[in-house]
$ cat work.txt   # compact mmCIF, C-alpha atoms and all ligand atoms
# COMPACT_ATOMS: atom_id res chain seq x y z
CA MET V 604 -8.79 -0.22 -17.14
CA ASP V 605 -11.26 -1.54 -19.71
CA GLN V 606 -11.84 -5.02 -21.13
CA ILE V 607 -10.95 -6.75 -17.86
CA GLU V 608 -12.92 -9.91 -18.71
CA LYS V 609 -11.40 -10.11 -22.19
CA ARG V 610 -7.91 -9.50 -20.83
CA HIS V 611 -8.40 -12.13 -18.16
CA SER V 612 -9.47 -14.91 -20.51
CA LEU V 613 -6.78 -14.03 -23.05
CA ILE V 614 -4.04 -14.01 -20.42
CA LYS V 615 -5.19 -17.34 -18.99
CA SER V 616 -5.11 -18.92 -22.45
CA TRP V 617 -1.62 -17.49 -23.13
CA LEU V 618 -0.32 -18.79 -19.81
CA TYR V 619 -1.64 -22.29 -20.52
CA GLU V 620 -0.11 -22.22 -24.01
CA ALA V 621 3.22 -20.97 -22.65
CA ALA V 622 3.12 -23.70 -19.99
CA ASP V 623 2.76 -26.34 -22.71
CA LEU V 624 5.90 -24.97 -24.39
CA LEU V 625 7.77 -25.23 -21.08
CA ARG V 626 6.55 -28.78 -20.40
CA GLU V 627 7.59 -29.83 -23.91
CA SER V 628 11.04 -28.38 -23.27
CA PHE V 629 11.56 -30.78 -20.32
CA ASN V 630 12.56 -33.50 -22.81
CA LYS V 631 14.99 -31.30 -24.70
CA GLU V 632 18.42 -29.95 -23.92
CA LEU V 633 18.40 -26.36 -22.71
CA GLU V 634 20.68 -23.66 -24.02
CA ILE V 635 21.97 -21.97 -20.89
CA LYS V 636 23.88 -18.69 -20.78
CA GLU V 637 25.38 -16.67 -17.93
CA LYS V 638 24.10 -13.12 -17.60
CA THR V 639 26.02 -11.34 -14.84
CA SER V 640 27.36 -14.32 -12.86
CA ARG V 641 27.44 -18.11 -12.43
CA THR V 642 24.09 -17.97 -10.59
CA ASP V 643 22.40 -15.45 -12.88
CA LEU V 644 21.37 -17.59 -15.84
CA VAL V 645 19.05 -17.39 -18.81
CA THR V 646 17.85 -20.22 -21.02
CA ASN V 647 16.45 -20.35 -24.52
CA MET V 648 13.06 -20.99 -22.86
CA ASP V 649 13.14 -17.77 -20.80
CA ARG V 650 13.65 -15.94 -24.10
CA GLU V 651 11.09 -18.00 -26.02
CA ILE V 652 8.34 -17.43 -23.43
CA GLU V 653 9.08 -13.72 -23.24
CA VAL V 654 8.87 -13.39 -27.04
CA PHE V 655 5.68 -15.51 -27.07
CA LEU V 656 3.99 -13.21 -24.53
CA TYR V 657 5.35 -10.07 -26.19
CA GLU V 658 3.86 -11.09 -29.54
CA LYS V 659 0.48 -11.93 -28.03
CA ILE V 660 0.30 -8.65 -26.09
CA THR V 661 1.38 -6.44 -29.00
CA ALA V 662 -1.07 -8.19 -31.36
CA HIS V 663 -4.04 -7.57 -29.02
CA PHE V 664 -3.02 -4.35 -27.25
CA PRO V 665 -0.67 -2.54 -29.66
CA ASP V 666 -0.74 0.77 -27.76
CA GLU V 667 0.35 -0.66 -24.42
CA ARG V 668 3.93 -0.87 -23.17
CA ILE V 669 5.75 -3.98 -22.03
CA LEU V 670 8.59 -4.44 -19.55
CA GLY V 671 10.07 -7.94 -19.60
CA GLU V 672 13.07 -9.31 -17.75
CA GLU V 673 15.04 -10.66 -20.66
CA SER V 674 14.78 -8.13 -23.45
CA VAL V 675 11.90 -5.72 -23.72
CA GLY V 676 11.15 -2.31 -22.25
CA HIS V 677 14.38 -1.72 -20.35
CA ASP V 678 14.19 1.92 -21.47
CA ILE V 679 10.89 2.44 -19.59
CA ARG V 680 11.34 5.39 -17.21
CA ASP V 681 7.76 5.96 -16.00
CA LEU V 682 4.56 3.97 -15.46
CA GLU V 683 2.15 6.24 -17.31
CA GLY V 684 -0.63 4.51 -19.21
CA ILE V 685 -0.85 0.73 -19.30
CA VAL V 686 2.34 -1.22 -18.69
CA TRP V 687 2.61 -5.02 -18.75
CA ILE V 688 5.41 -6.30 -16.52
CA ILE V 689 6.42 -9.86 -17.30
CA ASP V 690 8.80 -12.45 -15.95
CA PRO V 691 8.77 -15.36 -18.43
CA ILE V 692 10.29 -17.81 -15.94
CA ASP V 693 10.60 -16.79 -12.31
CA GLY V 694 12.98 -19.27 -10.73
CA THR V 695 15.21 -19.94 -13.72
CA LEU V 696 17.71 -21.83 -11.56
CA ASN V 697 14.92 -24.12 -10.33
CA PHE V 698 13.73 -24.55 -13.91
CA ILE V 699 17.23 -25.63 -14.95
CA LYS V 700 18.08 -27.81 -11.94
CA GLN V 701 14.67 -29.15 -10.89
CA ARG V 702 12.29 -28.70 -13.83
CA ALA V 703 9.89 -27.52 -11.10
CA ASN V 704 9.32 -24.68 -8.64
CA PHE V 705 9.18 -21.91 -11.22
CA ALA V 706 6.38 -19.70 -12.47
CA ILE V 707 5.31 -17.53 -15.39
CA MET V 708 4.32 -14.07 -14.15
CA ILE V 709 2.37 -11.15 -15.59
CA GLY V 710 1.31 -7.92 -13.90
CA ILE V 711 -0.69 -5.16 -15.59
CA TYR V 712 -0.44 -1.63 -14.24
CA GLU V 713 -2.23 1.55 -15.24
CA ASP V 714 -0.63 4.82 -14.18
CA GLY V 715 1.33 2.86 -11.59
CA VAL V 716 -1.70 1.07 -10.10
CA GLY V 717 -1.75 -2.73 -10.32
CA HIS V 718 -4.95 -4.09 -11.88
CA LEU V 719 -4.22 -7.70 -12.80
CA GLY V 720 -1.63 -10.13 -11.45
CA TYR V 721 -0.84 -13.72 -12.55
CA ILE V 722 1.61 -16.23 -11.12
CA TYR V 723 1.35 -19.60 -12.84
CA ASP V 724 3.04 -22.56 -11.16
CA VAL V 725 3.32 -24.68 -14.29
CA VAL V 726 4.26 -28.02 -12.73
CA ARG V 727 1.66 -27.91 -9.93
CA ASP V 728 -0.89 -26.44 -12.38
CA GLU V 729 -1.74 -23.73 -9.85
CA LEU V 730 -2.70 -20.37 -11.30
CA TYR V 731 -2.65 -17.62 -8.69
CA PHE V 732 -4.28 -14.47 -9.95
CA ALA V 733 -5.99 -11.31 -8.78
CA VAL V 734 -8.16 -8.64 -10.33
CA ARG V 735 -7.97 -5.37 -8.42
CA GLY V 736 -11.01 -5.02 -6.17
CA ASN V 737 -12.23 -8.56 -6.87
CA GLY V 738 -10.01 -10.66 -4.66
CA ALA V 739 -7.30 -13.23 -5.35
CA TYR V 740 -7.67 -16.83 -6.47
CA CYS V 741 -5.76 -20.06 -6.79
CA ASN V 742 -7.40 -21.70 -9.81
CA ASP V 743 -11.13 -21.59 -8.95
CA ARG V 744 -10.65 -21.13 -5.21
CA LYS V 745 -10.98 -17.64 -3.79
CA LEU V 746 -8.21 -16.95 -1.28
CA PRO V 747 -9.41 -15.71 2.12
CA MET V 748 -8.04 -12.49 3.62
CA VAL V 749 -4.88 -13.23 5.60
CA GLU V 750 -4.97 -13.41 9.40
CA GLU V 751 -2.82 -11.06 11.50
CA LEU V 752 -0.68 -13.89 12.93
CA PRO V 753 2.69 -13.36 14.61
CA LEU V 754 5.89 -14.59 12.98
CA SER V 755 6.15 -17.41 15.53
CA GLU V 756 3.04 -19.00 13.96
CA GLY V 757 4.38 -19.56 10.47
CA LEU V 758 7.12 -20.45 8.00
CA VAL V 759 9.15 -17.58 6.55
CA ALA V 760 10.70 -17.70 3.10
CA ILE V 761 13.76 -15.63 2.33
CA SER V 762 15.82 -15.28 -0.82
CA ASN V 763 19.18 -16.98 -1.11
CA ARG V 764 20.67 -13.52 -1.57
CA LEU V 765 19.65 -12.60 1.99
CA VAL V 766 21.34 -15.69 3.44
CA VAL V 767 24.54 -14.88 1.58
CA ALA V 768 24.46 -11.15 2.33
CA ASP V 769 23.24 -11.21 5.92
CA ALA V 770 23.41 -14.57 7.69
CA ASP V 771 22.72 -12.90 11.08
CA GLU V 772 19.46 -11.50 9.80
CA ALA V 773 18.49 -14.92 8.42
CA ARG V 774 19.32 -16.54 11.76
CA ARG V 775 17.18 -14.04 13.70
CA ILE V 776 14.23 -14.65 11.38
CA ALA V 777 14.66 -18.42 11.72
CA LYS V 778 14.66 -18.11 15.52
CA ASN V 779 11.53 -15.94 15.66
CA SER V 780 9.44 -17.94 13.17
CA SER V 781 8.31 -21.58 12.95
CA GLY V 782 11.13 -22.11 10.43
CA LEU V 783 12.92 -20.80 7.39
CA ARG V 784 12.46 -21.80 3.74
CA VAL V 785 14.51 -20.81 0.70
CA ASN V 786 12.50 -21.81 -2.37
CA GLY V 787 14.08 -19.75 -5.16
CA SER V 788 11.06 -18.15 -6.82
CA ALA V 789 10.00 -14.74 -5.53
CA GLY V 790 6.67 -15.15 -7.30
CA LEU V 791 5.78 -18.54 -5.87
CA GLU V 792 6.92 -17.51 -2.42
CA THR V 793 4.65 -14.45 -2.62
CA ALA V 794 1.77 -16.63 -3.85
CA TRP V 795 2.36 -18.99 -0.93
CA VAL V 796 2.25 -16.10 1.56
CA ALA V 797 -1.01 -14.99 -0.08
CA SER V 798 -2.45 -18.50 0.27
CA GLY V 799 -1.31 -18.96 3.89
CA LYS V 800 1.39 -21.61 3.26
CA LEU V 801 4.02 -19.12 4.44
CA ILE V 802 3.68 -16.23 6.86
CA ALA V 803 6.20 -13.93 5.17
CA TYR V 804 8.68 -13.54 2.33
CA ILE V 805 11.77 -11.35 2.55
CA ALA V 806 14.20 -10.47 -0.23
CA PRO V 807 16.87 -7.75 -0.32
CA SER V 808 16.90 -7.09 -4.06
CA LEU V 809 13.92 -7.78 -6.31
CA ALA V 810 13.43 -6.40 -9.81
CA PRO V 811 10.10 -4.96 -11.03
CA TRP V 812 9.29 -8.23 -12.87
CA ASP V 813 9.87 -10.25 -9.67
CA ILE V 814 7.35 -8.05 -7.86
CA ALA V 815 4.64 -6.81 -10.26
CA ALA V 816 2.28 -9.81 -10.36
CA GLY V 817 2.69 -10.74 -6.70
CA LEU V 818 2.02 -7.22 -5.48
CA VAL V 819 -1.48 -7.21 -7.01
CA ILE V 820 -2.26 -10.64 -5.53
CA ALA V 821 -0.82 -9.79 -2.11
CA GLU V 822 -2.83 -6.59 -1.75
CA GLU V 823 -6.08 -8.38 -2.64
CA VAL V 824 -5.73 -10.65 0.41
CA GLY V 825 -4.78 -7.81 2.75
CA LEU V 826 -1.01 -8.42 2.86
CA VAL V 827 1.50 -5.64 3.23
CA TYR V 828 4.00 -5.76 0.34
CA ARG V 829 6.49 -2.95 0.86
CA GLN V 830 10.12 -2.03 0.97
CA VAL V 831 11.88 -2.97 4.21
CA THR V 832 12.01 0.76 4.98
CA GLY V 833 8.19 0.75 5.02
CA GLU V 834 8.05 2.78 1.81
CA LYS V 835 5.84 1.77 -1.11
CA ILE V 836 7.34 -0.43 -3.82
CA ASN V 837 8.96 1.45 -6.69
CA LEU V 838 8.47 -0.56 -9.90
CA LEU V 839 11.14 1.42 -11.73
CA GLN V 840 14.00 0.11 -9.59
CA TYR V 841 15.21 -2.83 -7.48
CA ASN V 842 13.60 -3.07 -4.03
CA ALA V 843 14.44 -4.74 -0.71
CA VAL V 844 11.03 -6.17 0.20
CA ILE V 845 8.93 -7.77 2.91
CA VAL V 846 5.60 -9.47 2.16
CA ALA V 847 3.62 -10.28 5.30
CA ASN V 848 0.45 -9.62 7.24
CA ARG V 849 0.46 -6.24 9.00
CA TYR V 850 1.49 -7.70 12.37
CA ALA V 851 4.33 -9.90 11.11
CA PHE V 852 5.52 -7.11 8.81
CA GLN V 853 6.05 -4.87 11.83
CA GLU V 854 7.78 -7.67 13.75
CA ILE V 855 10.23 -8.17 10.88
CA ARG V 856 10.84 -4.44 10.55
CA ASN V 857 11.56 -4.16 14.27
CA GLU V 858 14.15 -6.91 13.89
CA TRP V 859 15.70 -5.44 10.77
CA GLN V 860 19.09 -3.85 11.45
C1 LIG U 901 14.90 -14.74 -9.23
C2 LIG U 901 14.06 -15.55 -8.27
C3 LIG U 901 14.78 -15.71 -6.95
C4 LIG U 901 15.15 -14.37 -6.33
C5 LIG U 901 15.98 -13.56 -7.32
C6 LIG U 901 15.23 -13.41 -8.64
P1 LIG U 901 14.61 -15.22 -11.87
O1 LIG U 901 14.18 -14.54 -10.44
O2 LIG U 901 12.80 -14.96 -8.03
O3 LIG U 901 13.98 -16.40 -6.03
O4 LIG U 901 15.88 -14.59 -5.17
O5 LIG U 901 16.25 -12.30 -6.76
O6 LIG U 901 16.04 -12.69 -9.55
O7 LIG U 901 15.89 -14.58 -12.28
O8 LIG U 901 14.72 -16.67 -11.66
O9 LIG U 901 13.47 -14.81 -12.73
CA CA U 902 16.76 -14.00 -14.15
CA CA U 903 12.22 -13.36 -11.38
CA CA U 904 12.98 -14.65 -14.86
$ encode --input "work.txt" --output "structure tokens" --more "lines below"
Ligand code: IPD
Ligand code: CA
Ligand code: CA
Ligand code: CA
Amino acid sequence: MDQIEKRHSLIKSWLYEAADLLRESFNKELEIKEKTSRTDLVTNMDREIEVFLYEKITAHFPDERILGEESVGHDIRDLEGIVWIIDPIDGTLNFIKQRANFAIMIGIYEDGVGHLGYIYDVVRDELYFAVRGNGAYCNDRKLPMVEELPLSEGLVAISNRLVVADADEARRIAKNSSGLRVNGSAGLETAWVASGKLIAYIAPSLAPWDIAAGLVIAEEVGLVYRQVTGEKINLLQYNAVIVANRYAFQEIRNEWQ
């Protein structure tokens, strides 16, 4: 991939601009719509941020494809060439209910290989990012490689969907770890595993836009980010995933029924 430096500074400036739009929206009433269910919501701001990023990307990189959660690229059937995978607000329910604990996410892939990943925690002003082969960062701080700690040494985040679908599994994980957390943003939870705040993140059904940015960041700090079967992530479908250091990943897999 060319123009890495240019891409990096552009993306950072877009994320900061988009974050301003989100912060401004905190004082306004949101338009909220149901997508597939009472807990699957979209707001005018999810759409506005996706359009904002779409317009910036197409203006600067007109030949590159874009897959976004809310409206663009849902006809994409392969990952040939350069594909931008964006989640305008990861943690929409948190955005609506808490005005916090959500992130803007961008991943850039070339022929299926992740090159750049961005997870911006707007309220904490923490930008997690990674450039393939150059490590991962939180703002200016380079993140160290993760240690191969056992599950018993750390906090595990799981998605709400796992609790609802498989309470036994959730209970086993809680027992074997230092404790369970359900934070509601796949991106932030992945960023927190990458930065050592959590030891693992487990989710039974993540979309490509939930995964793309975090996968680049996770791999740069030596995490395993794979399907629960052990197979590689497929960014053209939903995946049941585990993000963890190699040791904890195996512990979780051994427990998985
Ligand atoms: C959701 C969040 C949530 C996860 C869901 C995702 P969204 O993304 O990441 O934590 O459990 O599976 O769909 O819809 O808020 O962008
Ligand atoms: Ca959503
Ligand atoms: Ca998401
Ligand atoms: Ca989203």
$ residues_near_ligand --input "work.txt" --ligand "ligand CA 903 (chain U)" --cutoff "7 Å" --atoms "all atoms listed in the file" --output "list of chain:residue names"
V:Asp690, V:Ile692, V:Asp693, V:Gly694, V:Ser788, V:Ala789, V:Trp812, V:Asp813
$ residues_near_ligand --input "work.txt" --ligand "ligand CA 902 (chain U)" --cutoff "12 Å" --atoms "all atoms listed in the file" --output "ChimeraX atom specification"
/V:635-646,648-650,653,671-674,689-699,705-706,787-789,809-813
$ axis_aligned_box --input "work.txt" --around "region 752-770 of chain V" --padding-each-side "6 Å" --output "JSON"
{"center_x": 11.9, "center_y": -15.8, "center_z": 7.0, "size_x": 37.2, "size_y": 21.3, "size_z": 29.1}
$ residues_around --input "work.txt" --residues "Asn837 (chain V)" --least-positions-apart "3" --cutoff "12 Å" --atoms "only C-alpha atoms" --output "list in words"
Arg680, Asp681, Leu682, Gly715, Val716, Ser808, Leu809, Ala810, Pro811, Trp812, Ile814, Ala815, Leu818, Tyr828, Arg829, Gln830, Gly833, Glu834, Gln840, Tyr841, Asn842, Ala843 and Val844 of chain V
$ closest_residue --input "work.txt" --among "V:Ala806, V:Leu656, V:Ala662, V:Ile688" --to "ligand LIG 901 (chain U)" --atoms "all atoms listed in the file"
V:Ala806
$ closest_residue --input "work.txt" --among "V:Glu751, V:Asp623, V:Glu822, V:Glu792" --to "Ile722 (chain V)" --atoms "all atoms listed in the file"
V:Glu792
$ atom_distance --input "work.txt" --atom1 "CA of Leu730 (chain V)" --atom2 "CA of Glu634 (chain V)"
26.8 Å
$ atom_distance --input "work.txt" --atom1 "CA of Ser798 (chain V)" --atom2 "CA of Lys835 (chain V)"
21.9 Å
$ atom_distance --input "work.txt" --atom1 "CA of His611 (chain V)" --atom2 "CA of Leu670 (chain V)"
18.7 Å
$ residues_around --input "work.txt" --residues "Asp724 (chain V)" --least-positions-apart "4" --cutoff "9 Å" --atoms "all atoms listed in the file" --output "PyMOL selection string"
chain V and resi 622+703-707+728-731+791
